[in-house]
Amino acid sequence: MARFKLDPVLKVRQVQEKKYKRDLSEIKVIREKAEKLLEDLEAEKMQQMENIEAEEKVKVIDLQIQYAYLNAVAEQVEKQKNALERVLKEEEKRRDILIKTNQNKRMIEKLKQKFNEQILKDFQKKEQTLLDSIAYRTISNR
């Protein structure tokens, strides 16, 4: 029986697809952690702002400390936003790679399906030719 010549390529594409799916799921976990950290930092920033507003009598030194802390938290929020943006870009890149690999795999699978259909047609044609030949011989021998 004829063998599909692109089977090794198909296997490579399947392995690549599994790897890229795993990579994508890993980056999704990283993104979720980065989003959670950003949420926590923003909540901390809001809490600090509420604390500053709530105090009526505050020493200047305490106010300076609170503002310094608030600025530090705001800076962390910005850094985390930038980190999250980088993670989102990486996730999109990995998703694109996965999509392209999946498309390549499906293309090869379609070629394999057409190949198998052609093999089946050829087999059926040979079988029909053999049956016709047997029928012709049977009729000729009468």
# chains A, B, ... in the order shown; residues from 1 in each chain; ligands from 1
>>> residues_around(residues="segment 63-70 of chain A", least_positions_apart="4", cutoff="7 Å", atoms="only C-alpha atoms", output="ChimeraX atom specification")
/A:45,48,58-59,74
>>> residues_around(residues="segment 95-107 of chain A", least_positions_apart="2", cutoff="9 Å", atoms="only C-alpha atoms", output="PDB file with N, CA, C and O atoms, in the first residue's frame")
ATOM      1  N   VAL A   9       6.230  15.068   8.442  1.00  0.00           N
ATOM      2  CA  VAL A   9       5.970  16.502   8.582  1.00  0.00           C
ATOM      3  C   VAL A   9       4.726  16.720   9.438  1.00  0.00           C
ATOM      4  O   VAL A   9       4.694  17.604  10.304  1.00  0.00           O
ATOM      5  N   LEU A  10       3.706  15.909   9.204  1.00  0.00           N
ATOM      6  CA  LEU A  10       2.477  16.009   9.985  1.00  0.00           C
ATOM      7  C   LEU A  10       2.753  15.744  11.467  1.00  0.00           C
ATOM      8  O   LEU A  10       2.252  16.464  12.336  1.00  0.00           O
ATOM      9  N   LYS A  11       3.572  14.744  11.742  1.00  0.00           N
ATOM     10  CA  LYS A  11       3.914  14.445  13.140  1.00  0.00           C
ATOM     11  C   LYS A  11       4.666  15.612  13.780  1.00  0.00           C
ATOM     12  O   LYS A  11       4.414  15.957  14.938  1.00  0.00           O
ATOM     13  N   VAL A  12       5.567  16.227  13.031  1.00  0.00           N
ATOM     14  CA  VAL A  12       6.300  17.387  13.545  1.00  0.00           C
ATOM     15  C   VAL A  12       5.332  18.522  13.846  1.00  0.00           C
ATOM     16  O   VAL A  12       5.421  19.166  14.897  1.00  0.00           O
ATOM     17  N   ARG A  13       4.395  18.759  12.944  1.00  0.00           N
ATOM     18  CA  ARG A  13       3.405  19.828  13.160  1.00  0.00           C
ATOM     19  C   ARG A  13       2.554  19.540  14.400  1.00  0.00           C
ATOM     20  O   ARG A  13       2.212  20.460  15.153  1.00  0.00           O
ATOM     21  N   GLN A  14       2.197  18.286  14.615  1.00  0.00           N
ATOM     22  CA  GLN A  14       1.406  17.921  15.789  1.00  0.00           C
ATOM     23  C   GLN A  14       2.195  18.165  17.078  1.00  0.00           C
ATOM     24  O   GLN A  14       1.656  18.695  18.048  1.00  0.00           O
ATOM     25  N   GLN A  16       4.712  20.287  17.382  1.00  0.00           N
ATOM     26  CA  GLN A  16       4.837  21.739  17.509  1.00  0.00           C
ATOM     27  C   GLN A  16       3.562  22.351  18.074  1.00  0.00           C
ATOM     28  O   GLN A  16       3.610  23.230  18.936  1.00  0.00           O
ATOM     29  N   GLU A  17       2.418  21.880  17.592  1.00  0.00           N
ATOM     30  CA  GLU A  17       1.146  22.417  18.064  1.00  0.00           C
ATOM     31  C   GLU A  17       0.987  22.175  19.569  1.00  0.00           C
ATOM     32  O   GLU A  17       0.586  23.080  20.307  1.00  0.00           O
ATOM     33  N   LYS A  18       1.327  20.982  20.027  1.00  0.00           N
ATOM     34  CA  LYS A  18       1.244  20.691  21.464  1.00  0.00           C
ATOM     35  C   LYS A  18       2.161  21.614  22.258  1.00  0.00           C
ATOM     36  O   LYS A  18       1.778  22.139  23.297  1.00  0.00           O
ATOM     37  N   LYS A  19       3.380  21.813  21.744  1.00  0.00           N
ATOM     38  CA  LYS A  19       4.347  22.671  22.436  1.00  0.00           C
ATOM     39  C   LYS A  19       3.827  24.103  22.504  1.00  0.00           C
ATOM     40  O   LYS A  19       3.870  24.745  23.551  1.00  0.00           O
ATOM     41  N   TYR A  20       3.318  24.601  21.386  1.00  0.00           N
ATOM     42  CA  TYR A  20       2.827  25.984  21.357  1.00  0.00           C
ATOM     43  C   TYR A  20       1.577  26.155  22.213  1.00  0.00           C
ATOM     44  O   TYR A  20       1.376  27.215  22.808  1.00  0.00           O
ATOM     45  N   LYS A  21       0.743  25.136  22.299  1.00  0.00           N
ATOM     46  CA  LYS A  21      -0.412  25.203  23.198  1.00  0.00           C
ATOM     47  C   LYS A  21       0.048  25.290  24.644  1.00  0.00           C
ATOM     48  O   LYS A  21      -0.492  26.053  25.441  1.00  0.00           O
ATOM     49  N   LEU A  24       1.450  28.720  25.249  1.00  0.00           N
ATOM     50  CA  LEU A  24       0.371  29.699  25.368  1.00  0.00           C
ATOM     51  C   LEU A  24      -0.307  29.601  26.725  1.00  0.00           C
ATOM     52  O   LEU A  24      -0.606  30.623  27.349  1.00  0.00           O
ATOM     53  N   GLU A  90       3.543  39.297  24.189  1.00  0.00           N
ATOM     54  CA  GLU A  90       4.123  37.957  24.057  1.00  0.00           C
ATOM     55  C   GLU A  90       3.023  36.910  23.886  1.00  0.00           C
ATOM     56  O   GLU A  90       3.154  35.986  23.079  1.00  0.00           O
ATOM     57  N   GLU A  91       1.935  37.083  24.628  1.00  0.00           N
ATOM     58  CA  GLU A  91       0.811  36.152  24.497  1.00  0.00           C
ATOM     59  C   GLU A  91       0.225  36.202  23.091  1.00  0.00           C
ATOM     60  O   GLU A  91      -0.067  35.163  22.490  1.00  0.00           O
ATOM     61  N   GLU A  92       0.092  37.393  22.559  1.00  0.00           N
ATOM     62  CA  GLU A  92      -0.448  37.549  21.198  1.00  0.00           C
ATOM     63  C   GLU A  92       0.495  36.910  20.175  1.00  0.00           C
ATOM     64  O   GLU A  92       0.046  36.235  19.240  1.00  0.00           O
ATOM     65  N   LYS A  93       1.792  37.098  20.371  1.00  0.00           N
ATOM     66  CA  LYS A  93       2.771  36.504  19.455  1.00  0.00           C
ATOM     67  C   LYS A  93       2.676  34.980  19.500  1.00  0.00           C
ATOM     68  O   LYS A  93       2.653  34.320  18.461  1.00  0.00           O
ATOM     69  N   GLU A 109      -3.116  17.689   6.887  1.00  0.00           N
ATOM     70  CA  GLU A 109      -4.164  16.685   7.142  1.00  0.00           C
ATOM     71  C   GLU A 109      -5.123  16.589   5.959  1.00  0.00           C
ATOM     72  O   GLU A 109      -5.558  15.487   5.594  1.00  0.00           O
ATOM     73  N   LYS A 110      -5.449  17.725   5.346  1.00  0.00           N
ATOM     74  CA  LYS A 110      -6.314  17.698   4.161  1.00  0.00           C
ATOM     75  C   LYS A 110      -5.627  16.981   3.005  1.00  0.00           C
ATOM     76  O   LYS A 110      -6.262  16.210   2.281  1.00  0.00           O
ATOM     77  N   LEU A 111      -4.344  17.257   2.841  1.00  0.00           N
ATOM     78  CA  LEU A 111      -3.596  16.560   1.791  1.00  0.00           C
ATOM     79  C   LEU A 111      -3.585  15.053   2.043  1.00  0.00           C
ATOM     80  O   LEU A 111      -3.740  14.265   1.110  1.00  0.00           O
ATOM     81  N   LYS A 112      -3.422  14.681   3.302  1.00  0.00           N
ATOM     82  CA  LYS A 112      -3.419  13.254   3.643  1.00  0.00           C
ATOM     83  C   LYS A 112      -4.783  12.636   3.367  1.00  0.00           C
ATOM     84  O   LYS A 112      -4.880  11.519   2.850  1.00  0.00           O
TER      85      LYS A 112
END
>>> atom_distance(atom1="atom CA of Asn141 of chain A", atom2="atom CA of Gln124 of chain A")
25.5 Å
>>> residues_around(residues="segment 29-40 of chain A", least_positions_apart="2", cutoff="9 Å", atoms="only C-alpha atoms", output="JSON, numbers by chain")
{"A": [24, 25, 26, 27, 42, 43, 44, 45, 76, 77, 78, 80, 81, 83, 84, 87, 88, 91]}
>>> write_last_selection(atoms="N, CA and C atoms", output="mmCIF file, in the first residue's frame")
data_model
loop_
_atom_site.group_PDB
_atom_site.id
_atom_site.type_symbol
_atom_site.label_atom_id
_atom_site.label_comp_id
_atom_site.auth_asym_id
_atom_site.auth_seq_id
_atom_site.Cartn_x
_atom_site.Cartn_y
_atom_site.Cartn_z
ATOM 1 N N LEU A 24 1.450 28.720 25.249
ATOM 2 C CA LEU A 24 0.371 29.699 25.368
ATOM 3 C C LEU A 24 -0.307 29.601 26.725
ATOM 4 N N SER A 25 -0.531 28.399 27.211
ATOM 5 C CA SER A 25 -1.166 28.259 28.521
ATOM 6 C C SER A 25 -0.246 28.786 29.626
ATOM 7 N N GLU A 26 1.073 28.602 29.468
ATOM 8 C CA GLU A 26 2.015 29.133 30.461
ATOM 9 C C GLU A 26 1.984 30.665 30.478
ATOM 10 N N ILE A 27 1.951 31.277 29.305
ATOM 11 C CA ILE A 27 1.932 32.742 29.254
ATOM 12 C C ILE A 27 0.603 33.275 29.780
ATOM 13 N N GLU A 42 -3.118 48.546 42.567
ATOM 14 C CA GLU A 42 -4.086 49.642 42.422
ATOM 15 C C GLU A 42 -4.984 49.749 43.652
ATOM 16 N N ALA A 43 -5.348 48.618 44.225
ATOM 17 C CA ALA A 43 -6.147 48.637 45.452
ATOM 18 C C ALA A 43 -5.351 49.252 46.598
ATOM 19 N N GLU A 44 -4.073 48.904 46.671
ATOM 20 C CA GLU A 44 -3.197 49.489 47.701
ATOM 21 C C GLU A 44 -3.083 50.991 47.521
ATOM 22 N N LYS A 45 -2.966 51.430 46.286
ATOM 23 C CA LYS A 45 -2.877 52.866 45.980
ATOM 24 C C LYS A 45 -4.158 53.578 46.414
ATOM 25 N N GLN A 76 5.120 51.635 41.166
ATOM 26 C CA GLN A 76 4.997 50.186 41.004
ATOM 27 C C GLN A 76 3.824 49.842 40.083
ATOM 28 N N VAL A 77 2.730 50.578 40.207
ATOM 29 C CA VAL A 77 1.566 50.361 39.347
ATOM 30 C C VAL A 77 1.961 50.580 37.885
ATOM 31 N N GLU A 78 2.676 51.651 37.616
ATOM 32 C CA GLU A 78 3.091 51.937 36.242
ATOM 33 C C GLU A 78 4.036 50.856 35.705
ATOM 34 N N GLN A 80 4.139 47.785 36.663
ATOM 35 C CA GLN A 80 3.354 46.571 36.470
ATOM 36 C C GLN A 80 2.499 46.669 35.216
ATOM 37 N N LYS A 81 1.985 47.859 34.925
ATOM 38 C CA LYS A 81 1.224 48.053 33.686
ATOM 39 C C LYS A 81 2.114 47.790 32.473
ATOM 40 N N ALA A 83 4.839 45.920 32.442
ATOM 41 C CA ALA A 83 5.133 44.486 32.423
ATOM 42 C C ALA A 83 3.955 43.711 31.853
ATOM 43 N N LEU A 84 2.749 44.070 32.253
ATOM 44 C CA LEU A 84 1.549 43.415 31.745
ATOM 45 C C LEU A 84 1.412 43.626 30.245
ATOM 46 N N VAL A 87 3.715 41.260 28.541
ATOM 47 C CA VAL A 87 3.178 39.894 28.618
ATOM 48 C C VAL A 87 2.052 39.715 27.604
ATOM 49 N N LEU A 88 1.200 40.714 27.465
ATOM 50 C CA LEU A 88 0.100 40.641 26.504
ATOM 51 C C LEU A 88 0.627 40.548 25.070
ATOM 52 N N GLU A 91 1.935 37.083 24.628
ATOM 53 C CA GLU A 91 0.811 36.152 24.497
ATOM 54 C C GLU A 91 0.225 36.202 23.091
#
>>> atom_distance(atom1="atom CA of Phe123 of chain A", atom2="atom CA of Phe4 of chain A")
15.5 Å
